[in-house]
>>> print(open('run15.txt').read())   # compact mmCIF, C-alpha atoms
# COMPACT_ATOMS: atom_id res chain seq x y z
CA MET A 1 22.29 4.32 -26.83
CA SER A 2 20.23 5.07 -23.75
CA GLU A 3 16.88 6.72 -23.34
CA ILE A 4 16.89 10.26 -21.99
CA GLU A 5 14.76 11.40 -19.07
CA PRO A 6 14.16 15.17 -18.73
CA LEU A 7 14.71 16.25 -15.11
CA GLY A 8 13.62 19.86 -15.34
CA ALA A 9 14.20 23.08 -17.23
CA GLU A 10 14.93 26.66 -16.19
CA VAL A 11 14.02 29.41 -18.63
CA LYS A 12 16.56 32.18 -18.01
CA TRP A 13 15.34 34.66 -20.61
CA GLU A 14 12.21 35.01 -22.70
CA GLY A 15 12.32 37.02 -25.93
CA LYS A 16 9.62 37.81 -28.45
CA VAL A 17 10.17 34.57 -30.37
CA ILE A 18 12.49 32.33 -28.35
CA ARG A 19 13.17 31.38 -24.76
CA ALA A 20 16.65 30.44 -23.55
CA GLY A 21 17.92 28.59 -20.50
CA ILE A 22 19.07 25.19 -19.33
CA GLU A 23 17.57 21.73 -19.06
CA ARG A 24 18.83 18.73 -17.13
CA PHE A 25 18.58 15.12 -18.32
CA ARG A 26 19.33 11.68 -16.88
CA TYR A 27 20.47 8.66 -18.85
CA ALA A 28 19.36 5.10 -18.13
CA ASP A 29 22.82 4.44 -16.61
CA GLY A 30 22.23 7.23 -14.08
CA ALA A 31 24.55 9.85 -15.61
CA GLU A 32 23.14 13.38 -15.62
CA VAL A 33 23.89 16.22 -18.03
CA THR A 34 22.89 19.89 -18.22
CA ARG A 35 22.42 21.50 -21.62
CA ASP A 36 21.99 25.06 -22.84
CA LYS A 37 18.60 25.14 -24.57
CA VAL A 38 16.65 27.46 -26.84
CA TRP A 39 12.92 26.88 -27.12
CA HIS A 40 11.59 27.88 -30.55
CA PRO A 41 8.01 27.53 -31.89
CA GLY A 42 9.18 25.72 -35.05
CA ALA A 43 8.83 26.77 -38.66
CA VAL A 44 7.83 25.76 -42.17
CA GLY A 45 9.53 26.19 -45.53
CA ILE A 46 7.90 25.84 -48.95
CA LEU A 47 9.52 24.57 -52.15
CA ALA A 48 7.11 26.24 -54.60
CA LEU A 49 7.53 25.10 -58.20
CA ASP A 50 5.99 25.89 -61.55
CA ASP A 51 7.20 24.47 -64.88
CA ASP A 52 10.07 26.91 -65.20
CA HIS A 53 10.80 28.38 -61.77
CA VAL A 54 11.37 27.77 -58.12
CA TRP A 55 9.85 30.67 -56.19
CA LEU A 56 12.40 32.19 -53.83
CA THR A 57 12.63 35.29 -51.69
CA ARG A 58 15.32 37.72 -50.72
CA GLN A 59 14.97 39.20 -47.27
CA PRO A 60 17.17 40.78 -44.65
CA ARG A 61 18.48 38.51 -41.88
CA GLU A 62 19.66 41.11 -39.41
CA VAL A 63 21.31 38.82 -36.83
CA VAL A 64 23.77 37.55 -39.43
CA GLU A 65 24.02 40.98 -41.11
CA ALA A 66 22.77 39.58 -44.43
CA PRO A 67 20.86 42.34 -46.27
CA ALA A 68 19.31 39.99 -48.87
CA SER A 69 19.38 36.32 -47.84
CA LEU A 70 18.20 34.05 -50.69
CA GLU A 71 15.66 31.61 -49.22
CA ILE A 72 12.57 29.56 -49.90
CA PRO A 73 9.32 31.10 -48.60
CA ALA A 74 9.05 30.29 -44.90
CA GLY A 75 7.54 31.29 -41.62
CA LYS A 76 7.40 30.51 -37.93
CA LEU A 77 4.63 28.44 -36.32
CA ASP A 78 3.41 31.55 -34.54
CA VAL A 79 -0.32 30.72 -34.46
CA PRO A 80 -0.87 28.41 -31.47
CA GLY A 81 -2.39 25.09 -32.52
CA GLU A 82 -2.10 25.70 -36.27
CA PRO A 83 -0.86 22.56 -38.05
CA PRO A 84 2.40 23.12 -40.00
CA LEU A 85 0.70 22.52 -43.38
CA GLU A 86 -1.82 25.31 -42.67
CA THR A 87 1.03 27.63 -41.70
CA ALA A 88 2.77 26.74 -44.97
CA LYS A 89 -0.35 27.61 -47.00
CA ARG A 90 -0.72 30.92 -45.18
CA GLU A 91 2.97 31.79 -45.60
CA LEU A 92 2.97 30.98 -49.32
CA ALA A 93 0.19 33.54 -49.80
CA GLU A 94 1.74 36.11 -47.44
CA GLU A 95 5.29 35.88 -48.80
CA ILE A 96 4.84 35.39 -52.53
CA GLY A 97 1.11 35.90 -53.15
CA LYS A 98 0.47 32.36 -54.40
CA ARG A 99 -1.68 29.37 -53.59
CA ALA A 100 -0.95 25.75 -54.55
CA GLU A 101 -3.28 22.91 -55.52
CA HIS A 102 -0.87 20.17 -54.46
CA TRP A 103 1.07 19.93 -51.22
CA GLU A 104 3.47 17.22 -50.11
CA GLU A 105 5.64 17.04 -46.98
CA LEU A 106 9.24 16.47 -48.12
CA VAL A 107 11.21 16.41 -44.90
CA ALA A 108 11.19 17.58 -41.30
CA PHE A 109 14.38 18.28 -39.37
CA TYR A 110 16.02 20.15 -36.50
CA THR A 111 18.06 23.21 -37.46
CA SER A 112 20.63 22.74 -34.67
CA PRO A 113 19.67 19.92 -32.30
CA GLY A 114 22.67 20.45 -29.99
CA PHE A 115 21.02 23.47 -28.38
CA SER A 116 17.72 24.37 -30.12
CA ASP A 117 14.43 22.51 -30.36
CA GLU A 118 13.48 24.36 -33.57
CA ARG A 119 11.93 21.87 -35.98
CA VAL A 120 11.29 22.81 -39.62
CA TRP A 121 8.77 21.12 -41.92
CA VAL A 122 9.50 21.55 -45.65
CA TYR A 123 6.67 21.15 -48.16
CA LEU A 124 6.62 20.79 -51.92
CA ALA A 125 3.92 23.08 -53.37
CA THR A 126 2.90 22.71 -57.03
CA ASP A 127 0.06 23.76 -59.36
CA LEU A 128 0.53 27.37 -58.33
CA SER A 129 -1.87 30.22 -59.01
CA ASP A 130 -2.09 33.84 -57.93
CA GLU A 131 -3.88 34.52 -54.64
CA PRO A 132 -5.54 37.92 -55.09
CA GLY A 133 -5.02 40.42 -52.30
CA SER A 134 -2.07 38.59 -50.79
CA GLY A 135 1.70 39.08 -50.95
CA PRO A 136 4.21 40.73 -48.67
CA ASP A 137 3.63 44.08 -46.96
CA GLU A 138 6.04 46.86 -47.91
CA ASP A 139 7.55 46.90 -44.41
CA GLU A 140 8.41 43.18 -44.53
CA ARG A 141 11.23 43.98 -46.99
CA ILE A 142 10.64 40.69 -48.82
CA GLU A 143 11.57 40.57 -52.48
CA ILE A 144 9.88 37.82 -54.53
CA VAL A 145 12.36 36.01 -56.81
CA PRO A 146 11.04 33.59 -59.48
CA TRP A 147 14.29 31.68 -60.02
CA PRO A 148 14.74 29.84 -63.38
CA LEU A 149 15.10 26.08 -62.80
CA GLY A 150 17.83 26.00 -65.44
CA ARG A 151 19.99 28.05 -63.04
CA LEU A 152 19.22 26.00 -59.93
CA ASP A 153 22.93 25.43 -59.23
CA ASP A 154 23.45 29.21 -58.95
CA ALA A 155 20.73 29.41 -56.31
CA ILE A 156 22.40 26.63 -54.31
CA GLU A 157 25.71 28.47 -54.65
CA GLN A 158 24.26 31.73 -53.33
CA CYS A 159 22.09 30.26 -50.57
CA GLU A 160 23.39 30.36 -46.98
CA ASP A 161 20.20 29.25 -45.17
CA ALA A 162 19.95 25.65 -43.97
CA LYS A 163 16.25 24.96 -44.70
CA SER A 164 16.56 26.47 -48.18
CA LEU A 165 19.72 24.49 -48.99
CA ILE A 166 17.96 21.28 -47.95
CA ALA A 167 15.00 22.06 -50.22
CA LEU A 168 17.14 23.14 -53.18
CA LEU A 169 19.57 20.20 -52.92
CA TRP A 170 16.58 17.83 -52.76
CA LEU A 171 15.19 19.50 -55.90
CA ALA A 172 18.52 19.26 -57.74
CA GLY A 173 18.62 15.52 -56.99
CA GLN A 174 15.07 15.00 -58.23
CA ARG A 175 15.79 16.85 -61.47
CA GLN A 176 18.87 14.73 -62.09
CA LEU A 177 16.79 11.60 -61.53
CA ALA A 178 13.99 12.79 -63.80
CA TYR A 179 15.93 14.41 -66.63
CA GLY A 180 19.56 13.49 -66.19
CA VAL A 181 20.37 17.21 -66.04
CA HIS A 182 22.69 19.04 -63.69
CA MET B 1 17.20 45.78 -50.16
CA SER B 2 18.89 48.12 -47.69
CA GLU B 3 22.07 47.77 -45.74
CA ILE B 4 21.73 47.01 -42.06
CA GLU B 5 23.48 49.01 -39.33
CA PRO B 6 23.81 47.33 -35.90
CA LEU B 7 22.82 49.79 -33.15
CA GLY B 8 23.73 47.73 -30.11
CA ALA B 9 23.16 44.39 -28.44
CA GLU B 10 22.12 43.33 -24.94
CA VAL B 11 23.11 39.85 -23.80
CA LYS B 12 20.36 38.76 -21.40
CA TRP B 13 21.70 35.32 -20.55
CA GLU B 14 25.01 33.54 -21.00
CA GLY B 15 25.11 29.74 -21.02
CA LYS B 16 28.03 27.35 -21.37
CA VAL B 17 27.87 27.43 -25.17
CA ILE B 18 25.49 30.18 -26.24
CA ARG B 19 24.49 33.68 -25.25
CA ALA B 20 20.95 34.99 -25.78
CA GLY B 21 19.48 38.48 -25.87
CA ILE B 22 18.43 41.20 -28.26
CA GLU B 23 20.07 43.35 -30.89
CA ARG B 24 18.80 46.52 -32.56
CA PHE B 25 19.38 47.44 -36.20
CA ARG B 26 18.69 50.43 -38.43
CA TYR B 27 17.92 50.30 -42.15
CA ALA B 28 19.16 52.87 -44.64
CA ASP B 29 15.60 54.30 -44.77
CA GLY B 30 15.77 54.99 -41.02
CA ALA B 31 13.48 52.18 -39.85
CA GLU B 32 14.67 50.37 -36.73
CA VAL B 33 14.02 46.80 -35.67
CA THR B 34 14.82 44.74 -32.56
CA ARG B 35 15.56 41.03 -32.93
CA ASP B 36 15.90 38.13 -30.52
CA LYS B 37 19.44 36.82 -31.00
CA VAL B 38 21.48 33.80 -30.02
CA TRP B 39 25.26 34.08 -30.27
CA HIS B 40 26.88 30.74 -31.08
CA PRO B 41 30.59 29.99 -31.70
CA GLY B 42 29.85 28.21 -35.02
CA ALA B 43 30.52 24.62 -35.98
CA VAL B 44 31.94 22.25 -38.57
CA GLY B 45 30.58 19.08 -40.13
CA ILE B 46 32.56 16.47 -42.06
CA LEU B 47 31.37 14.34 -44.99
CA ALA B 48 33.92 11.53 -44.60
CA LEU B 49 33.94 9.06 -47.50
CA ASP B 50 35.76 5.90 -48.42
CA ASP B 51 35.01 3.77 -51.49
CA ASP B 52 32.04 2.04 -49.89
CA HIS B 53 30.88 4.12 -46.94
CA VAL B 54 29.96 7.49 -45.59
CA TRP B 55 31.11 7.66 -41.97
CA LEU B 56 28.24 8.71 -39.72
CA THR B 57 27.60 8.86 -36.00
CA ARG B 58 24.68 8.23 -33.73
CA GLN B 59 24.59 10.37 -30.64
CA PRO B 60 22.05 11.64 -28.14
CA ARG B 61 20.59 15.11 -28.74
CA GLU B 62 19.01 15.75 -25.39
CA VAL B 63 17.23 19.05 -26.13
CA VAL B 64 15.13 17.39 -28.83
CA GLU B 65 14.87 14.13 -26.84
CA ALA B 66 16.54 12.13 -29.63
CA PRO B 67 18.46 9.23 -28.07
CA ALA B 68 20.41 8.37 -31.25
CA SER B 69 20.45 11.18 -33.83
CA LEU B 70 22.04 10.05 -37.11
CA GLU B 71 24.56 12.73 -38.14
CA ILE B 72 27.81 13.42 -39.91
CA PRO B 73 30.82 13.89 -37.58
CA ALA B 74 30.75 17.46 -36.30
CA GLY B 75 31.83 19.79 -33.58
CA LYS B 76 31.66 23.32 -32.30
CA LEU B 77 34.34 25.95 -32.91
CA ASP B 78 35.20 25.87 -29.22
CA VAL B 79 38.95 26.59 -29.47
CA PRO B 80 39.34 30.37 -29.82
CA GLY B 81 41.15 31.33 -33.00
CA GLU B 82 41.21 27.82 -34.48
CA PRO B 83 40.34 27.91 -38.20
CA PRO B 84 37.27 25.79 -39.09
CA LEU B 85 39.35 23.35 -41.18
CA GLU B 86 41.60 22.60 -38.20
CA THR B 87 38.53 22.04 -36.02
CA ALA B 88 37.21 19.64 -38.67
CA LYS B 89 40.47 17.64 -38.69
CA ARG B 90 40.44 17.46 -34.89
CA GLU B 91 36.78 16.42 -34.75
CA LEU B 92 37.20 13.70 -37.40
CA ALA B 93 39.86 12.11 -35.20
CA GLU B 94 37.93 12.64 -31.95
CA GLU B 95 34.57 11.42 -33.22
CA ILE B 96 35.43 8.54 -35.54
CA GLY B 97 39.17 7.95 -35.05
CA LYS B 98 40.15 8.81 -38.63
CA ARG B 99 42.37 11.20 -40.52
CA ALA B 100 41.95 12.28 -44.16
CA GLU B 101 44.55 13.11 -46.81
CA HIS B 102 42.19 15.32 -48.82
CA TRP B 103 39.95 18.07 -47.53
CA GLU B 104 37.59 20.33 -49.49
CA GLU B 105 35.12 22.93 -48.24
CA LEU B 106 31.70 22.07 -49.69
CA VAL B 107 29.40 24.71 -48.25
CA ALA B 108 28.98 27.12 -45.36
CA PHE B 109 25.58 28.21 -44.09
CA TYR B 110 23.54 29.55 -41.17
CA THR B 111 21.44 26.98 -39.32
CA SER B 112 18.62 29.45 -38.53
CA PRO B 113 19.48 33.01 -39.56
CA GLY B 114 16.24 34.50 -38.23
CA PHE B 115 17.53 34.36 -34.64
CA SER B 116 20.93 32.60 -34.46
CA ASP B 117 24.34 33.57 -35.82
CA GLU B 118 25.51 29.94 -35.83
CA ARG B 119 27.44 29.31 -39.05
CA VAL B 120 28.42 25.77 -40.09
CA TRP B 121 31.25 24.86 -42.45
CA VAL B 122 30.90 21.45 -44.13
CA TYR B 123 33.99 19.69 -45.48
CA LEU B 124 34.44 16.71 -47.75
CA ALA B 125 37.15 14.42 -46.31
CA THR B 126 38.56 11.58 -48.42
CA ASP B 127 41.56 9.21 -48.45
CA LEU B 128 40.78 8.13 -44.91
CA SER B 129 43.06 6.18 -42.60
CA ASP B 130 42.95 5.19 -38.95
CA GLU B 131 44.35 7.70 -36.48
CA PRO B 132 45.84 5.60 -33.68
CA GLY B 133 44.91 6.61 -30.15
CA SER B 134 41.92 8.68 -31.20
CA GLY B 135 38.17 8.08 -31.28
CA PRO B 136 35.33 8.99 -28.95
CA ASP B 137 35.55 8.67 -25.16
CA GLU B 138 33.09 6.26 -23.56
CA ASP B 139 31.22 9.11 -21.84
CA GLU B 140 30.60 10.93 -25.14
CA ARG B 141 28.00 8.28 -26.05
CA ILE B 142 28.96 8.53 -29.73
CA GLU B 143 28.41 5.44 -31.85
CA ILE B 144 30.48 5.27 -35.07
CA VAL B 145 28.36 4.16 -38.04
CA PRO B 146 30.08 3.27 -41.35
CA TRP B 147 27.02 3.63 -43.60
CA PRO B 148 27.04 1.76 -46.96
CA LEU B 149 26.85 4.21 -49.86
CA GLY B 150 24.41 1.88 -51.60
CA ARG B 151 21.91 2.68 -48.85
CA LEU B 152 22.46 6.45 -48.87
CA ASP B 153 18.75 7.11 -49.37
CA ASP B 154 17.97 5.32 -46.08
CA ALA B 155 20.39 7.60 -44.24
CA ILE B 156 18.69 10.68 -45.73
CA GLU B 157 15.33 9.22 -44.70
CA GLN B 158 16.45 8.68 -41.09
CA CYS B 159 18.38 11.93 -40.68
CA GLU B 160 16.73 14.84 -38.84
CA ASP B 161 19.76 17.14 -38.48
CA ALA B 162 20.10 20.09 -40.87
CA LYS B 163 23.88 20.04 -41.45
CA SER B 164 23.85 16.29 -42.03
CA LEU B 165 20.92 16.48 -44.46
CA ILE B 166 22.74 19.16 -46.44
CA ALA B 167 25.88 17.00 -46.67
CA LEU B 168 24.00 13.79 -47.54
CA LEU B 169 21.72 15.44 -50.13
CA TRP B 170 24.80 16.99 -51.75
CA LEU B 171 26.43 13.55 -51.84
CA ALA B 172 23.32 11.93 -53.35
CA GLY B 173 23.36 14.54 -56.12
CA GLN B 174 27.06 13.96 -56.85
CA ARG B 175 26.56 10.20 -57.04
CA GLN B 176 23.70 10.63 -59.50
CA LEU B 177 25.89 12.87 -61.63
CA ALA B 178 28.83 10.49 -61.52
CA TYR B 179 27.13 7.10 -61.82
CA GLY B 180 23.53 7.77 -62.75
CA VAL B 181 22.48 5.87 -59.61
CA HIS B 182 19.78 6.74 -57.10
>>> encode(input="run15.txt", output="structure tokens")
Amino acid sequence: MSEIEPLGAEVKWEGKVIRAGIERFRYADGAEVTRDKVWHPGAVGILALDDDHVWLTRQPREVVEAPASLEIPAGKLDVPGEPPLETAKRELAEEIGKRAEHWEELVAFYTSPGFSDERVWVYLATDLSDEPGSGPDEDERIEIVPWPLGRLDDAIEQCEDAKSLIALLWLAGQRQLAYGVH
Amino acid sequence: MSEIEPLGAEVKWEGKVIRAGIERFRYADGAEVTRDKVWHPGAVGILALDDDHVWLTRQPREVVEAPASLEIPAGKLDVPGEPPLETAKRELAEEIGKRAEHWEELVAFYTSPGFSDERVWVYLATDLSDEPGSGPDEDERIEIVPWPLGRLDDAIEQCEDAKSLIALLWLAGQRQLAYGVH
């Protein structure tokens, strides 16, 4: 497998969140390729757990016409220079009105590395408490869903969002390891 | 949570694989929003198992500068009208030179539903056999990796691709259920 040298990018369109265009690359053997590319700021997701619940949200995802996508709390890295963990702490307060004493990075991945550089960091957040004065604004259309851990499989069944599936499948595996439960 | 009415889209740039632009939507309460959007043809991924291995690939993902991304076999829905299962069968032959007697849809999801309509269907493929005359072309730079199931956790550790993590985490959970092994 050869190393990849970037030869130059052309941004063809810049939106509010993403940029789209092409980038050229050269392999060590001299071959060159051109790829469609989307530049994305990256994002975080939070697997927020108390003894009985995983804290989920339902929110509209307009571009896939999903009126109430079941997801873990999440947010884009839209504050320049903010480390992902700080974004995660901010988003946990903004989306579900909670803070957590303990944070642990579980996994980081690319949502679709064939065309997009979006990288998502997923954190485990435990020892939750209410964060007064926080929570979603009315116009964000975010519903907070404390999901019973005993029905975790139903959440996995309903979920159609990659970062949330990764977090929930990881959690299901951990619970099987710890308790031998499905 | 309100229903979402699409009001119209503007494609601002069309690449070889994706299109990018904006789309406007109206909620039942009258509020309107405009979203960045990427149109993507969709994709399939295949969790191909024999008694001892999960069949993975290593391939370059130029846009994230990964020279050898560890992934399940996969491919875009780039033949108009082809059902995802047929694409999966074709890609299993093209990427790792195998066919499977048994196919089962495991999950379908959106890779990043905030901006992209890319949907991925993941299939479980078992009862594998060699498909003569198939396999990757030299210029595809795809390395076939029969990964020992006993080291599944290492694959999950190394993997940075959303669809592959979903498939491998699902598999890890099934193995714990079946055998009580980590």
>>> residues_around(input="run15.txt", residues="Trp121 of chain A", least_positions_apart="4", cutoff="10 Å", atoms="only C-alpha atoms", output="list in words")
Gly42, Ala43, Val44, Gly45, Ile46, Ala74, Pro84, Leu85, Ala88, Glu105, Leu106, Val107, Ala108, Phe109, Tyr110 and Lys163 of chain A
>>> residues_around(input="run15.txt", residues="segment 34-41 of chain A", least_positions_apart="2", cutoff="6 Å", atoms="only C-alpha atoms", output="PyMOL selection string")
(chain A and resi 18-24+77+115-118) or (chain B and resi 15)
>>> atom_distance(input="run15.txt", atom1="atom CA of Glu140 of chain B", atom2="atom CA of Ala162 of chain A")
26.2 Å
>>> residues_around(input="run15.txt", residues="segment 100-102 of chain A", least_positions_apart="3", cutoff="9 Å", atoms="only C-alpha atoms", output="JSON, numbers by chain")
{"A": [48, 89, 92, 124, 125, 126, 127, 128, 129, 130]}
>>> write_last_selection(input="run15.txt", atoms="C-alpha atoms", output="PDB file, in the frame of the given file")
ATOM      1  CA  ALA A  48       7.110  26.240 -54.600  1.00  0.00           C
ATOM      2  CA  LYS A  89      -0.350  27.610 -47.000  1.00  0.00           C
ATOM      3  CA  LEU A  92       2.970  30.980 -49.320  1.00  0.00           C
ATOM      4  CA  LEU A 124       6.620  20.790 -51.920  1.00  0.00           C
ATOM      5  CA  ALA A 125       3.920  23.080 -53.370  1.00  0.00           C
ATOM      6  CA  THR A 126       2.900  22.710 -57.030  1.00  0.00           C
ATOM      7  CA  ASP A 127       0.060  23.760 -59.360  1.00  0.00           C
ATOM      8  CA  LEU A 128       0.530  27.370 -58.330  1.00  0.00           C
ATOM      9  CA  SER A 129      -1.870  30.220 -59.010  1.00  0.00           C
ATOM     10  CA  ASP A 130      -2.090  33.840 -57.930  1.00  0.00           C
TER      11      ASP A 130
END
>>> atom_distance(input="run15.txt", atom1="atom CA of Trp170 of chain A", atom2="atom CA of Gly150 of chain A")
15.1 Å
>>> closest_residue(input="run15.txt", among="B:Val63, B:Ala28, B:Ile144, B:Val120", to="chain A", atoms="all atoms listed in the file")
B:Val63
>>> atom_distance(input="run15.txt", atom1="atom CA of His53 of chain A", atom2="atom CA of Arg141 of chain A")
21.5 Å
>>> closest_residue(input="run15.txt", among="A:Gly30, A:Gly97, A:Gly81, A:Gly114", to="chain B", atoms="all atoms listed in the file")
A:Gly114
>>> closest_residue(input="run15.txt", among="B:Glu86, B:Glu10, B:Glu65, B:Asp52", to="chain A", atoms="all atoms listed in the file")
B:Glu65
>>> closest_residue(input="run15.txt", among="A:Thr87, A:Ala66, A:Arg58, A:Ala167", to="Pro136 of chain A", atoms="all atoms listed in the file")
A:Arg58
>>> closest_residue(input="run15.txt", among="B:Trp103, B:Glu62, B:Pro83, B:Asp51", to="Leu7 of chain A", atoms="all atoms listed in the file")
B:Glu62
>>> closest_residue(input="run15.txt", among="A:Glu82, A:Pro6, A:Ala31, A:Leu177", to="Val64 of chain B", atoms="all atoms listed in the file")
A:Pro6
>>> decode(input="run15.txt", residues="segment 2-21 of chain A", atoms="N, CA, C and O atoms", output="PDB file, in the first residue's frame")
ATOM      1  N   SER A   2       0.655   2.150  -0.919  1.00  0.00           N
ATOM      2  CA  SER A   2       1.590   3.270  -1.062  1.00  0.00           C
ATOM      3  C   SER A   2       1.132   4.488  -0.255  1.00  0.00           C
ATOM      4  O   SER A   2      -0.023   4.615   0.120  1.00  0.00           O
ATOM      5  N   GLU A   3       2.084   5.336   0.016  1.00  0.00           N
ATOM      6  CA  GLU A   3       1.741   6.618   0.624  1.00  0.00           C
ATOM      7  C   GLU A   3       1.053   7.494  -0.415  1.00  0.00           C
ATOM      8  O   GLU A   3       1.175   7.278  -1.610  1.00  0.00           O
ATOM      9  N   ILE A   4       0.341   8.492   0.063  1.00  0.00           N
ATOM     10  CA  ILE A   4      -0.492   9.330  -0.801  1.00  0.00           C
ATOM     11  C   ILE A   4      -0.063  10.781  -0.647  1.00  0.00           C
ATOM     12  O   ILE A   4      -0.083  11.323   0.442  1.00  0.00           O
ATOM     13  N   GLU A   5       0.322  11.390  -1.788  1.00  0.00           N
ATOM     14  CA  GLU A   5       0.741  12.788  -1.739  1.00  0.00           C
ATOM     15  C   GLU A   5      -0.358  13.694  -2.299  1.00  0.00           C
ATOM     16  O   GLU A   5      -0.737  13.552  -3.461  1.00  0.00           O
ATOM     17  N   PRO A   6      -0.900  14.617  -1.501  1.00  0.00           N
ATOM     18  CA  PRO A   6      -1.907  15.547  -2.034  1.00  0.00           C
ATOM     19  C   PRO A   6      -1.253  16.502  -3.030  1.00  0.00           C
ATOM     20  O   PRO A   6      -0.192  17.060  -2.767  1.00  0.00           O
ATOM     21  N   LEU A   7      -1.891  16.691  -4.187  1.00  0.00           N
ATOM     22  CA  LEU A   7      -1.327  17.556  -5.231  1.00  0.00           C
ATOM     23  C   LEU A   7      -2.043  18.894  -5.329  1.00  0.00           C
ATOM     24  O   LEU A   7      -1.575  19.799  -6.011  1.00  0.00           O
ATOM     25  N   GLY A   8      -3.193  19.002  -4.682  1.00  0.00           N
ATOM     26  CA  GLY A   8      -3.914  20.270  -4.770  1.00  0.00           C
ATOM     27  C   GLY A   8      -5.403  20.043  -4.796  1.00  0.00           C
ATOM     28  O   GLY A   8      -5.873  19.037  -5.320  1.00  0.00           O
ATOM     29  N   ALA A   9      -6.129  20.988  -4.201  1.00  0.00           N
ATOM     30  CA  ALA A   9      -7.580  20.866  -4.097  1.00  0.00           C
ATOM     31  C   ALA A   9      -8.240  22.077  -4.737  1.00  0.00           C
ATOM     32  O   ALA A   9      -7.661  23.160  -4.795  1.00  0.00           O
ATOM     33  N   GLU A  10      -9.447  21.872  -5.266  1.00  0.00           N
ATOM     34  CA  GLU A  10     -10.262  22.981  -5.764  1.00  0.00           C
ATOM     35  C   GLU A  10     -11.612  22.912  -5.089  1.00  0.00           C
ATOM     36  O   GLU A  10     -12.369  21.963  -5.315  1.00  0.00           O
ATOM     37  N   VAL A  11     -11.911  23.928  -4.267  1.00  0.00           N
ATOM     38  CA  VAL A  11     -13.232  24.017  -3.657  1.00  0.00           C
ATOM     39  C   VAL A  11     -14.181  24.602  -4.707  1.00  0.00           C
ATOM     40  O   VAL A  11     -13.947  25.692  -5.218  1.00  0.00           O
ATOM     41  N   LYS A  12     -15.233  23.836  -5.040  1.00  0.00           N
ATOM     42  CA  LYS A  12     -16.153  24.268  -6.097  1.00  0.00           C
ATOM     43  C   LYS A  12     -17.388  24.947  -5.527  1.00  0.00           C
ATOM     44  O   LYS A  12     -18.085  25.668  -6.254  1.00  0.00           O
ATOM     45  N   TRP A  13     -17.702  24.656  -4.265  1.00  0.00           N
ATOM     46  CA  TRP A  13     -18.865  25.277  -3.632  1.00  0.00           C
ATOM     47  C   TRP A  13     -18.661  25.297  -2.128  1.00  0.00           C
ATOM     48  O   TRP A  13     -18.161  24.330  -1.556  1.00  0.00           O
ATOM     49  N   GLU A  14     -19.023  26.421  -1.514  1.00  0.00           N
ATOM     50  CA  GLU A  14     -18.894  26.533  -0.067  1.00  0.00           C
ATOM     51  C   GLU A  14     -20.271  26.803   0.520  1.00  0.00           C
ATOM     52  O   GLU A  14     -20.912  27.815   0.195  1.00  0.00           O
ATOM     53  N   GLY A  15     -20.748  25.894   1.377  1.00  0.00           N
ATOM     54  CA  GLY A  15     -22.022  26.082   2.054  1.00  0.00           C
ATOM     55  C   GLY A  15     -21.829  26.677   3.429  1.00  0.00           C
ATOM     56  O   GLY A  15     -20.767  27.191   3.751  1.00  0.00           O
ATOM     57  N   LYS A  16     -22.880  26.594   4.246  1.00  0.00           N
ATOM     58  CA  LYS A  16     -22.774  27.112   5.613  1.00  0.00           C
ATOM     59  C   LYS A  16     -21.903  26.216   6.474  1.00  0.00           C
ATOM     60  O   LYS A  16     -21.190  26.692   7.356  1.00  0.00           O
ATOM     61  N   VAL A  17     -21.968  24.909   6.221  1.00  0.00           N
ATOM     62  CA  VAL A  17     -21.255  23.939   7.065  1.00  0.00           C
ATOM     63  C   VAL A  17     -20.134  23.235   6.303  1.00  0.00           C
ATOM     64  O   VAL A  17     -19.057  23.024   6.840  1.00  0.00           O
ATOM     65  N   ILE A  18     -20.396  22.869   5.068  1.00  0.00           N
ATOM     66  CA  ILE A  18     -19.426  22.080   4.298  1.00  0.00           C
ATOM     67  C   ILE A  18     -18.895  22.864   3.109  1.00  0.00           C
ATOM     68  O   ILE A  18     -19.473  23.874   2.688  1.00  0.00           O
ATOM     69  N   ARG A  19     -17.762  22.378   2.584  1.00  0.00           N
ATOM     70  CA  ARG A  19     -17.281  22.792   1.273  1.00  0.00           C
ATOM     71  C   ARG A  19     -17.188  21.537   0.412  1.00  0.00           C
ATOM     72  O   ARG A  19     -16.947  20.446   0.931  1.00  0.00           O
ATOM     73  N   ALA A  20     -17.368  21.701  -0.891  1.00  0.00           N
ATOM     74  CA  ALA A  20     -17.319  20.543  -1.794  1.00  0.00           C
ATOM     75  C   ALA A  20     -16.473  20.884  -3.007  1.00  0.00           C
ATOM     76  O   ALA A  20     -16.445  22.026  -3.463  1.00  0.00           O
ATOM     77  N   GLY A  21     -15.767  19.879  -3.516  1.00  0.00           N
ATOM     78  CA  GLY A  21     -14.933  20.087  -4.698  1.00  0.00           C
ATOM     79  C   GLY A  21     -14.137  18.843  -5.015  1.00  0.00           C
ATOM     80  O   GLY A  21     -14.617  17.728  -4.793  1.00  0.00           O
TER      81      GLY A  21
END
